[in-house]
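For reference, coords-v2.txt (compact mmCIF, C-alpha atoms):
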```txt
# COMPACT_ATOMS: atom_id res chain seq x y z
CA GLY W 270 77.98 -9.24 -43.66
CA ALA W 271 75.06 -7.78 -41.68
CA LEU W 272 73.87 -5.71 -44.64
CA HIS W 273 74.13 -8.75 -46.89
CA GLU W 274 72.02 -10.83 -44.45
CA LEU W 275 69.45 -8.02 -44.13
CA GLY W 276 69.20 -7.76 -47.92
CA ALA W 277 68.73 -11.51 -48.26
CA PHE W 278 66.02 -11.45 -45.56
CA GLY W 279 64.23 -8.63 -47.38
CA THR W 280 64.38 -10.52 -50.68
CA ALA W 281 62.92 -13.63 -49.04
CA MET W 282 60.07 -11.62 -47.44
CA GLN W 283 59.30 -9.98 -50.77
CA HIS W 284 59.19 -13.39 -52.46
CA GLU W 285 56.80 -14.73 -49.77
CA HIS W 286 54.58 -11.66 -50.11
CA HIS W 287 54.26 -12.20 -53.88
CA LEU W 288 53.51 -15.89 -53.26
CA LEU W 289 50.68 -15.08 -50.83
CA LEU W 290 49.19 -12.56 -53.25
CA HIS W 291 49.29 -15.18 -56.00
CA LEU W 292 47.54 -17.74 -53.79
CA ALA W 293 44.85 -15.25 -52.75
CA GLU W 294 44.15 -14.26 -56.34
CA ALA W 295 43.91 -17.93 -57.33
CA GLY W 296 41.58 -18.69 -54.44
CA GLY W 297 44.01 -21.08 -52.85
CA GLY W 298 44.91 -19.06 -49.78
CA ALA W 299 42.88 -19.34 -46.57
CA ASP W 300 42.85 -16.80 -43.78
CA PRO W 301 44.31 -18.64 -40.78
CA LEU W 302 42.31 -16.39 -38.42
CA GLN W 303 38.98 -17.16 -40.10
CA THR W 304 38.57 -20.91 -39.97
CA GLU W 305 34.77 -20.88 -40.26
CA GLU W 306 32.20 -18.66 -41.85
CA VAL W 307 30.76 -15.94 -39.59
CA PRO W 308 26.95 -15.78 -39.88
CA PRO W 309 25.37 -12.36 -40.52
CA TRP W 310 24.52 -10.63 -37.24
CA ARG W 311 21.66 -8.55 -38.51
CA MET W 312 18.13 -9.83 -38.08
CA ARG W 313 16.76 -11.17 -41.35
CA GLU W 314 13.23 -10.15 -40.51
CA ARG W 315 12.00 -7.32 -38.34
CA ILE W 316 8.67 -7.45 -36.53
CA LYS W 317 6.94 -4.16 -35.92
CA THR W 318 5.40 -3.46 -32.50
CA SER W 319 2.14 -1.78 -33.46
CA SER W 320 0.06 -1.78 -30.26
CA LEU W 321 0.67 -1.54 -26.53
CA VAL W 322 -1.50 -2.21 -23.49
CA LEU W 323 -0.31 -0.57 -20.27
CA VAL W 324 -1.63 -2.26 -17.13
CA MET W 325 -1.10 -0.07 -14.07
CA ALA W 326 -2.27 -1.91 -10.93
CA LEU W 327 -0.98 0.66 -8.44
CA ASN W 328 -3.82 1.17 -5.92
CA LEU W 329 -2.09 4.35 -4.78
CA GLY W 330 -2.05 4.88 -1.04
CA VAL W 331 -2.49 1.20 -0.15
CA ASP W 332 0.49 -1.15 0.20
CA PRO W 333 0.02 -4.83 -0.67
CA PRO W 334 -0.13 -7.16 2.36
CA ASP W 335 3.14 -8.93 1.48
CA VAL W 336 5.19 -5.74 1.15
CA ILE W 337 7.20 -4.27 4.02
CA LYS W 338 8.72 -0.99 2.88
CA PRO W 339 11.64 0.69 4.65
CA THR W 340 11.43 4.34 5.65
CA PRO W 341 12.31 6.21 3.53
CA CYS W 342 11.87 4.11 0.39
CA ALA W 343 11.40 4.44 -3.36
CA ARG W 344 8.09 6.09 -4.18
CA LEU W 345 8.34 7.67 -7.61
CA GLU W 346 6.47 6.04 -10.48
CA CYS W 347 7.80 7.15 -13.89
CA TRP W 348 9.64 9.86 -11.94
CA ILE W 349 6.33 11.23 -10.67
CA GLU W 350 5.52 11.57 -6.97
CA PRO W 351 2.38 9.47 -6.55
CA GLN W 352 -0.63 11.02 -4.89
CA VAL W 353 -3.90 9.33 -4.01
CA GLY W 354 -6.59 9.82 -6.64
CA GLN W 355 -7.52 9.11 -10.25
CA LYS W 356 -5.60 12.08 -11.63
CA ALA W 357 -2.38 10.79 -10.08
CA ILE W 358 -2.50 7.37 -11.74
CA GLU W 359 -3.55 9.01 -15.01
CA ALA W 360 -0.46 11.25 -14.88
CA ILE W 361 1.79 8.23 -14.27
CA ALA W 362 0.24 6.31 -17.14
CA LYS W 363 0.61 9.32 -19.41
CA ALA W 364 4.31 9.59 -18.55
CA LEU W 365 4.82 5.90 -19.27
CA GLN W 366 2.98 6.24 -22.57
CA ALA W 367 5.23 9.15 -23.54
CA GLN W 368 8.29 6.97 -22.94
CA TYR W 369 7.02 4.26 -25.27
CA GLU W 370 6.05 6.84 -27.88
CA GLN W 371 9.69 7.90 -28.09
CA TRP W 372 10.44 4.44 -29.52
CA GLN W 373 7.23 3.94 -31.51
CA PRO W 374 5.46 7.27 -32.13
CA ARG W 375 2.68 5.73 -34.21
CA ALA W 376 1.79 2.86 -31.88
CA ARG W 377 -1.76 2.48 -30.60
CA ILE W 378 -1.61 2.58 -26.82
CA ARG W 379 -4.31 1.75 -24.28
CA ALA W 380 -3.81 2.35 -20.56
CA CYS W 381 -5.72 0.13 -18.11
CA LEU W 382 -5.72 1.78 -14.69
CA ASP W 383 -6.27 -0.49 -11.66
CA PRO W 384 -8.14 -2.88 -13.96
CA THR W 385 -9.96 -6.16 -13.53
CA ALA W 386 -8.82 -9.26 -15.40
CA ASP W 387 -11.80 -8.95 -17.75
CA GLU W 388 -10.80 -5.41 -18.70
CA VAL W 389 -7.26 -6.51 -19.50
CA ARG W 390 -8.52 -9.46 -21.54
CA LYS W 391 -10.91 -7.24 -23.48
CA TRP W 392 -8.25 -4.70 -24.43
CA CYS W 393 -5.57 -7.26 -25.27
CA MET W 394 -7.91 -9.08 -27.64
CA ALA W 395 -9.24 -5.81 -29.08
CA MET W 396 -5.72 -4.61 -29.83
CA ARG W 397 -4.93 -7.88 -31.58
CA ARG W 398 -8.06 -7.66 -33.72
CA ALA W 399 -7.21 -4.06 -34.65
CA ALA W 400 -3.60 -4.85 -35.56
CA PRO W 401 -3.02 -4.18 -39.29
CA GLY W 402 -1.16 -7.48 -39.72
CA LYS W 403 -1.26 -10.78 -37.89
CA ASP W 404 2.54 -10.80 -37.73
CA GLU W 405 2.80 -7.50 -35.84
CA ARG W 406 4.00 -7.79 -32.27
CA LEU W 407 1.82 -6.53 -29.40
CA LEU W 408 3.35 -5.39 -26.12
CA LEU W 409 1.79 -5.73 -22.68
CA HIS W 410 3.34 -3.66 -19.90
CA VAL W 411 2.31 -4.81 -16.41
CA ASN W 412 3.10 -2.73 -13.32
CA THR W 413 1.62 -4.39 -10.22
CA HIS W 414 3.23 -2.33 -7.46
CA GLY W 415 -0.17 -2.07 -5.81
CA THR W 416 -0.83 -5.81 -5.58
CA PRO W 417 1.00 -8.81 -4.05
CA ARG W 418 4.01 -10.28 -5.83
CA PRO W 419 3.40 -12.98 -8.47
CA THR W 420 2.77 -16.54 -7.37
CA VAL W 421 5.18 -19.41 -8.01
CA ASN W 422 2.52 -20.79 -10.36
CA GLY W 423 2.96 -17.79 -12.66
CA GLU W 424 0.05 -15.54 -11.69
CA VAL W 425 -0.11 -11.78 -11.28
CA TRP W 426 -2.72 -10.11 -9.13
CA LEU W 427 -5.32 -7.62 -10.34
CA PHE W 428 -8.59 -6.41 -8.78
CA ASN W 429 -12.21 -7.51 -8.72
CA LYS W 430 -15.00 -5.21 -9.89
CA LEU W 431 -15.80 -3.98 -6.40
CA PHE W 432 -12.12 -3.32 -5.67
CA THR W 433 -12.40 -5.38 -2.49
CA GLN W 434 -10.02 -8.26 -3.24
CA TYR W 435 -7.15 -9.35 -5.46
CA THR W 436 -7.77 -11.81 -8.29
CA PRO W 437 -5.04 -13.97 -9.90
CA VAL W 438 -4.33 -13.92 -13.64
CA SER W 439 -2.06 -16.48 -15.26
CA VAL W 440 0.86 -15.31 -17.39
CA TYR W 441 -0.17 -18.01 -19.84
CA ASP W 442 -3.58 -16.35 -20.22
CA LEU W 443 -1.97 -12.95 -20.72
CA GLN W 444 0.15 -14.12 -23.64
CA SER W 445 -2.77 -16.04 -25.14
CA TRP W 446 -5.01 -12.94 -25.01
CA LEU W 447 -2.36 -10.98 -26.90
CA ALA W 448 -1.64 -13.90 -29.29
CA PRO W 449 1.88 -14.30 -30.68
CA PRO W 450 3.98 -12.53 -31.62
CA CYS W 451 3.92 -10.54 -28.40
CA ALA W 452 6.13 -9.11 -25.69
CA LEU W 453 5.32 -8.89 -21.98
CA VAL W 454 7.08 -6.51 -19.58
CA PHE W 455 6.63 -7.21 -15.86
CA ASP W 456 7.65 -4.53 -13.37
CA CYS W 457 7.16 -6.11 -9.95
CA SER W 458 9.08 -7.95 -7.25
CA SER W 459 9.71 -11.67 -7.92
CA ALA W 460 8.97 -11.06 -11.61
CA GLY W 461 11.26 -13.97 -12.52
CA ARG W 462 8.60 -16.36 -11.25
CA LEU W 463 6.54 -15.50 -14.31
CA SER W 464 9.33 -16.35 -16.71
CA ALA W 465 10.01 -19.68 -15.01
CA ALA W 466 6.32 -20.60 -14.93
CA LEU W 467 5.67 -19.68 -18.55
CA THR W 468 8.72 -21.67 -19.65
CA THR W 469 7.24 -24.72 -17.93
CA MET W 470 3.74 -24.10 -19.30
CA LEU W 471 4.90 -23.73 -22.89
CA GLY W 472 7.18 -26.73 -22.50
CA ASN W 473 4.20 -28.86 -21.50
CA ALA W 474 2.09 -27.64 -24.41
CA HIS W 475 1.88 -29.45 -27.75
CA PRO W 476 5.05 -28.62 -29.72
CA ASP W 477 3.10 -28.04 -32.94
CA THR W 478 0.93 -25.33 -31.42
CA ALA W 479 2.97 -23.86 -28.56
CA PRO W 480 4.64 -20.50 -29.27
CA ALA W 481 8.41 -20.35 -28.91
CA LEU W 482 9.55 -18.44 -25.84
CA GLY W 483 12.08 -15.80 -26.82
CA ILE W 484 10.83 -15.66 -30.43
CA ASP W 485 7.03 -15.70 -30.54
CA VAL W 486 6.69 -14.62 -26.91
CA ILE W 487 9.28 -12.33 -25.32
CA LEU W 488 9.34 -11.74 -21.54
CA LEU W 489 11.17 -8.88 -19.85
CA CYS W 490 11.23 -9.13 -16.05
CA ALA W 491 12.37 -6.44 -13.64
CA CYS W 492 14.10 -8.89 -11.28
CA GLY W 493 14.60 -12.54 -10.46
CA ALA W 494 12.18 -14.96 -8.86
CA ASP W 495 13.55 -14.35 -5.36
CA GLU W 496 14.43 -10.67 -5.71
CA ASP W 497 12.71 -7.46 -4.64
CA LEU W 498 12.55 -4.21 -6.53
CA PRO W 499 15.04 -1.54 -5.43
CA THR W 500 13.87 0.57 -2.50
CA ARG W 501 16.44 3.40 -2.49
CA PRO W 502 14.49 6.65 -2.01
CA ASP W 503 16.57 8.51 -4.61
CA LEU W 504 15.49 6.06 -7.32
CA PRO W 505 12.03 5.45 -8.80
CA ALA W 506 10.09 2.39 -7.64
CA ASP W 507 9.75 1.33 -11.28
CA LEU W 508 13.47 1.64 -11.97
CA PHE W 509 13.36 -1.12 -14.60
CA THR W 510 10.95 0.76 -16.85
CA ALA W 511 11.02 4.40 -15.62
```

So that I can check it, write out the structure of this file as structure tokens.
Amino acid sequence: GALHELGAFGTAMQHEHHLLLHLAEAGGGADPLQTEEVPPWRMRERIKTSSLVLVMALNLGVDPPDVIKPTPCARLECWIEPQVGQKAIEAIAKALQAQYEQWQPRARIRACLDPTADEVRKWCMAMRRAAPGKDERLLLHVNTHGTPRPTVNGEVWLFNKLFTQYTPVSVYDLQSWLAPPCALVFDCSSAGRLSAALTTMLGNAHPDTAPALGIDVILLCACGADEDLPTRPDLPADLFTA
């Protein structure tokens, strides 16, 4: 009896198997686990990052007035022990450039060391003019560990020509100097303020002319609007981009 039932069960399963194959071949069978079409995950169009501007506002040896560092604290910049002097900031910028060259060996890279706003504007616009194609993405890397944290209005701080005071620069101006498509990397405490401010600024702009945040303009921020950079002494101060 048991063998007879097992044989009948096997015959029924074989019949169902042939029926499903027939339906699949005829196009009448649907996969119950795939109820809707899955869109392709690969990007249809890739945008090449051809040029980079590295803004290093470090002012080595001088802490910004709004920063209270514990002792000991994180000091390394690009895994380099910072020393006071031009050669020190040049070594840090060179190490950062080498990191980006691992991803894009042929990119044109310009380092702006403790720059003024005018110097940053000049090089951003020069890089855009020199870009082989208008659709190539430019990247602006901003490390402002030597200046106060960004404002809630979306401004980073750079230096004046005499190096005697900080001057604010709007994140909106930075992305407009680069011109879309572009990417901006902010390595500083309260970096999330810049993302929030730019979202508001672009939202208030005319929809026909405003670039799309996340597509035309990409922002990468080291931390949230109310967060500080890590201070553990065994980690670099620029942990987000080191």

| message | Show me the residues close to (5.1, -1.6, -18.5) - anything with an atom within 7 Å, counting all atoms listed in the file - and format the list as a list in words. | response |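 Checked against the point, the hits come out as Leu323, Val324, Leu409, His410, Val411, Asn412, Val454, Phe455, Asp456 and Thr510 of chain W.
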
| message | Using all atoms listed in the file for the distances, tell me which of W:Asp332, W:Glu346, W:Asp387, W:Asp404 is nearest to Phe509 (chain W). | response |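 Smallest separation from Phe509 (chain W) among the options: W:Glu346.
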
| Protein, DNA and RNA residues within 9 Å of (-2.9, -8.1, -31.0), only C-alpha atoms, as a PyMOL selection string | chain W and resi 319-321+393-400+402-403+405-408+446-451

| query | Quick one: residues within 12 Å of region 504-508 of chain W, only C-alpha atoms counted, chain neighbours fewer than 6 positions away excluded, as a PyMOL selection string? | reply | chain W and resi 325+327+338+341-351+361+365+410-415+454-458+490-492+497-498

Could you produce a table of the residues of region 367-429 of chain W lying within 10 Å of region 463-466 of chain W, with the nearest pair of atoms per residue and their separation in Å rounded to one decimal, using all atoms listed in the file, ordered by chain and increasing residue number, as a Markdown table?
```
| residue | atom | partner | partner_atom | distance |
| --- | --- | --- | --- | --- |
| W:Pro419 | CA | W:Leu463 | CA | 7.1 |
| W:Thr420 | CA | W:Leu463 | CA | 8.0 |
| W:Val421 | CA | W:Ala466 | CA | 7.1 |
| W:Asn422 | CA | W:Ala466 | CA | 5.9 |
| W:Gly423 | CA | W:Leu463 | CA | 4.6 |
| W:Glu424 | CA | W:Leu463 | CA | 7.0 |
| W:Val425 | CA | W:Leu463 | CA | 8.2 |
```

| remark: Pairwise distance, CA of Asn429 (chain W) with CA of Gly330 (chain W), equals 17.8 Å

| request: Excluding Pro374 (chain W) and any residue of its chain fewer than 4 positions from it, enumerate the residues within 12 Å of it, using only C-alpha atoms, and give them as a list of chain:residue names. | output: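 Non-adjacent residues within range: W:Thr318, W:Ser319, W:Ser320, W:Leu321, W:Gln366, W:Ala367, W:Gln368, W:Tyr369, W:Glu370, W:Ile378.
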
| Can you tell me how far CA of Asp442 (chain W) sits from CA of Arg377 (chain W), in Å to one decimal? | 21.6 Å

| query | In terms of the shortest atom-to-atom distance over all atoms listed in the file, which of W:Val486, W:Arg379, W:Glu496, W:Ala452 is closest to Thr468 (chain W)? | reply |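 For Thr468 (chain W), the nearest of the candidates is W:Val486.
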
Just save region 440-461 of chain W with N, CA, C and O atoms, as a PDB file, in the first residue's frame.
```
ATOM      1  N   VAL W 440      28.859  77.680   0.394  1.00  0.00           N
ATOM      2  CA  VAL W 440      28.912  76.409  -0.330  1.00  0.00           C
ATOM      3  C   VAL W 440      28.223  76.550  -1.680  1.00  0.00           C
ATOM      4  O   VAL W 440      28.587  75.867  -2.653  1.00  0.00           O
ATOM      5  N   TYR W 441      27.257  77.433  -1.777  1.00  0.00           N
ATOM      6  CA  TYR W 441      26.602  77.681  -3.057  1.00  0.00           C
ATOM      7  C   TYR W 441      27.594  78.266  -4.061  1.00  0.00           C
ATOM      8  O   TYR W 441      27.603  77.887  -5.238  1.00  0.00           O
ATOM      9  N   ASP W 442      28.440  79.196  -3.593  1.00  0.00           N
ATOM     10  CA  ASP W 442      29.446  79.775  -4.478  1.00  0.00           C
ATOM     11  C   ASP W 442      30.461  78.723  -4.909  1.00  0.00           C
ATOM     12  O   ASP W 442      30.888  78.704  -6.075  1.00  0.00           O
ATOM     13  N   LEU W 443      30.839  77.845  -4.007  1.00  0.00           N
ATOM     14  CA  LEU W 443      31.819  76.814  -4.345  1.00  0.00           C
ATOM     15  C   LEU W 443      31.316  75.934  -5.480  1.00  0.00           C
ATOM     16  O   LEU W 443      32.036  75.667  -6.444  1.00  0.00           O
ATOM     17  N   GLN W 444      30.071  75.477  -5.386  1.00  0.00           N
ATOM     18  CA  GLN W 444      29.558  74.610  -6.442  1.00  0.00           C
ATOM     19  C   GLN W 444      29.329  75.382  -7.742  1.00  0.00           C
ATOM     20  O   GLN W 444      29.436  74.813  -8.829  1.00  0.00           O
ATOM     21  N   SER W 445      29.040  76.677  -7.633  1.00  0.00           N
ATOM     22  CA  SER W 445      28.841  77.461  -8.858  1.00  0.00           C
ATOM     23  C   SER W 445      30.176  77.745  -9.540  1.00  0.00           C
ATOM     24  O   SER W 445      30.233  77.830 -10.776  1.00  0.00           O
ATOM     25  N   TRP W 446      31.254  77.904  -8.779  1.00  0.00           N
ATOM     26  CA  TRP W 446      32.572  78.096  -9.385  1.00  0.00           C
ATOM     27  C   TRP W 446      33.013  76.848 -10.144  1.00  0.00           C
ATOM     28  O   TRP W 446      33.627  76.952 -11.208  1.00  0.00           O
ATOM     29  N   LEU W 447      32.702  75.686  -9.580  1.00  0.00           N
ATOM     30  CA  LEU W 447      33.048  74.439 -10.266  1.00  0.00           C
ATOM     31  C   LEU W 447      32.167  74.225 -11.490  1.00  0.00           C
ATOM     32  O   LEU W 447      32.627  73.746 -12.517  1.00  0.00           O
ATOM     33  N   ALA W 448      30.881  74.555 -11.356  1.00  0.00           N
ATOM     34  CA  ALA W 448      29.839  74.322 -12.358  1.00  0.00           C
ATOM     35  C   ALA W 448      29.543  72.830 -12.437  1.00  0.00           C
ATOM     36  O   ALA W 448      30.450  72.001 -12.447  1.00  0.00           O
ATOM     37  N   PRO W 449      28.273  72.479 -12.473  1.00  0.00           N
ATOM     38  CA  PRO W 449      27.885  71.065 -12.548  1.00  0.00           C
ATOM     39  C   PRO W 449      28.323  70.442 -13.878  1.00  0.00           C
ATOM     40  O   PRO W 449      28.431  71.156 -14.882  1.00  0.00           O
ATOM     41  N   PRO W 450      28.583  69.133 -13.866  1.00  0.00           N
ATOM     42  CA  PRO W 450      28.523  68.235 -12.711  1.00  0.00           C
ATOM     43  C   PRO W 450      29.774  68.361 -11.850  1.00  0.00           C
ATOM     44  O   PRO W 450      30.878  68.534 -12.366  1.00  0.00           O
ATOM     45  N   CYS W 451      29.591  68.287 -10.544  1.00  0.00           N
ATOM     46  CA  CYS W 451      30.717  68.432  -9.634  1.00  0.00           C
ATOM     47  C   CYS W 451      30.456  67.643  -8.352  1.00  0.00           C
ATOM     48  O   CYS W 451      29.323  67.243  -8.067  1.00  0.00           O
ATOM     49  N   ALA W 452      31.514  67.423  -7.613  1.00  0.00           N
ATOM     50  CA  ALA W 452      31.427  66.762  -6.314  1.00  0.00           C
ATOM     51  C   ALA W 452      32.234  67.578  -5.319  1.00  0.00           C
ATOM     52  O   ALA W 452      33.314  68.082  -5.649  1.00  0.00           O
ATOM     53  N   LEU W 453      31.703  67.727  -4.109  1.00  0.00           N
ATOM     54  CA  LEU W 453      32.383  68.490  -3.065  1.00  0.00           C
ATOM     55  C   LEU W 453      32.546  67.599  -1.842  1.00  0.00           C
ATOM     56  O   LEU W 453      31.580  66.997  -1.368  1.00  0.00           O
ATOM     57  N   VAL W 454      33.770  67.520  -1.339  1.00  0.00           N
ATOM     58  CA  VAL W 454      34.095  66.714  -0.161  1.00  0.00           C
ATOM     59  C   VAL W 454      34.501  67.678   0.948  1.00  0.00           C
ATOM     60  O   VAL W 454      35.451  68.451   0.790  1.00  0.00           O
ATOM     61  N   PHE W 455      33.788  67.621   2.082  1.00  0.00           N
ATOM     62  CA  PHE W 455      34.074  68.527   3.189  1.00  0.00           C
ATOM     63  C   PHE W 455      34.550  67.723   4.393  1.00  0.00           C
ATOM     64  O   PHE W 455      33.802  66.911   4.942  1.00  0.00           O
ATOM     65  N   ASP W 456      35.795  67.949   4.778  1.00  0.00           N
ATOM     66  CA  ASP W 456      36.378  67.285   5.944  1.00  0.00           C
ATOM     67  C   ASP W 456      36.541  68.325   7.040  1.00  0.00           C
ATOM     68  O   ASP W 456      37.539  69.037   7.106  1.00  0.00           O
ATOM     69  N   CYS W 457      35.521  68.437   7.897  1.00  0.00           N
ATOM     70  CA  CYS W 457      35.539  69.406   8.983  1.00  0.00           C
ATOM     71  C   CYS W 457      34.418  69.058   9.949  1.00  0.00           C
ATOM     72  O   CYS W 457      33.491  68.312   9.612  1.00  0.00           O
ATOM     73  N   SER W 458      34.493  69.553  11.162  1.00  0.00           N
ATOM     74  CA  SER W 458      33.403  69.374  12.110  1.00  0.00           C
ATOM     75  C   SER W 458      32.164  70.128  11.627  1.00  0.00           C
ATOM     76  O   SER W 458      32.267  71.141  10.924  1.00  0.00           O
ATOM     77  N   SER W 459      30.990  69.598  11.979  1.00  0.00           N
ATOM     78  CA  SER W 459      29.702  70.198  11.580  1.00  0.00           C
ATOM     79  C   SER W 459      29.558  70.311  10.073  1.00  0.00           C
ATOM     80  O   SER W 459      28.872  71.200   9.561  1.00  0.00           O
ATOM     81  N   ALA W 460      30.179  69.389   9.331  1.00  0.00           N
ATOM     82  CA  ALA W 460      30.120  69.449   7.870  1.00  0.00           C
ATOM     83  C   ALA W 460      28.697  69.308   7.356  1.00  0.00           C
ATOM     84  O   ALA W 460      28.362  69.816   6.283  1.00  0.00           O
ATOM     85  N   GLY W 461      27.832  68.620   8.113  1.00  0.00           N
ATOM     86  CA  GLY W 461      26.451  68.443   7.683  1.00  0.00           C
ATOM     87  C   GLY W 461      25.686  69.741   7.524  1.00  0.00           C
ATOM     88  O   GLY W 461      24.657  69.777   6.836  1.00  0.00           O
TER      89      GLY W 461
END
```
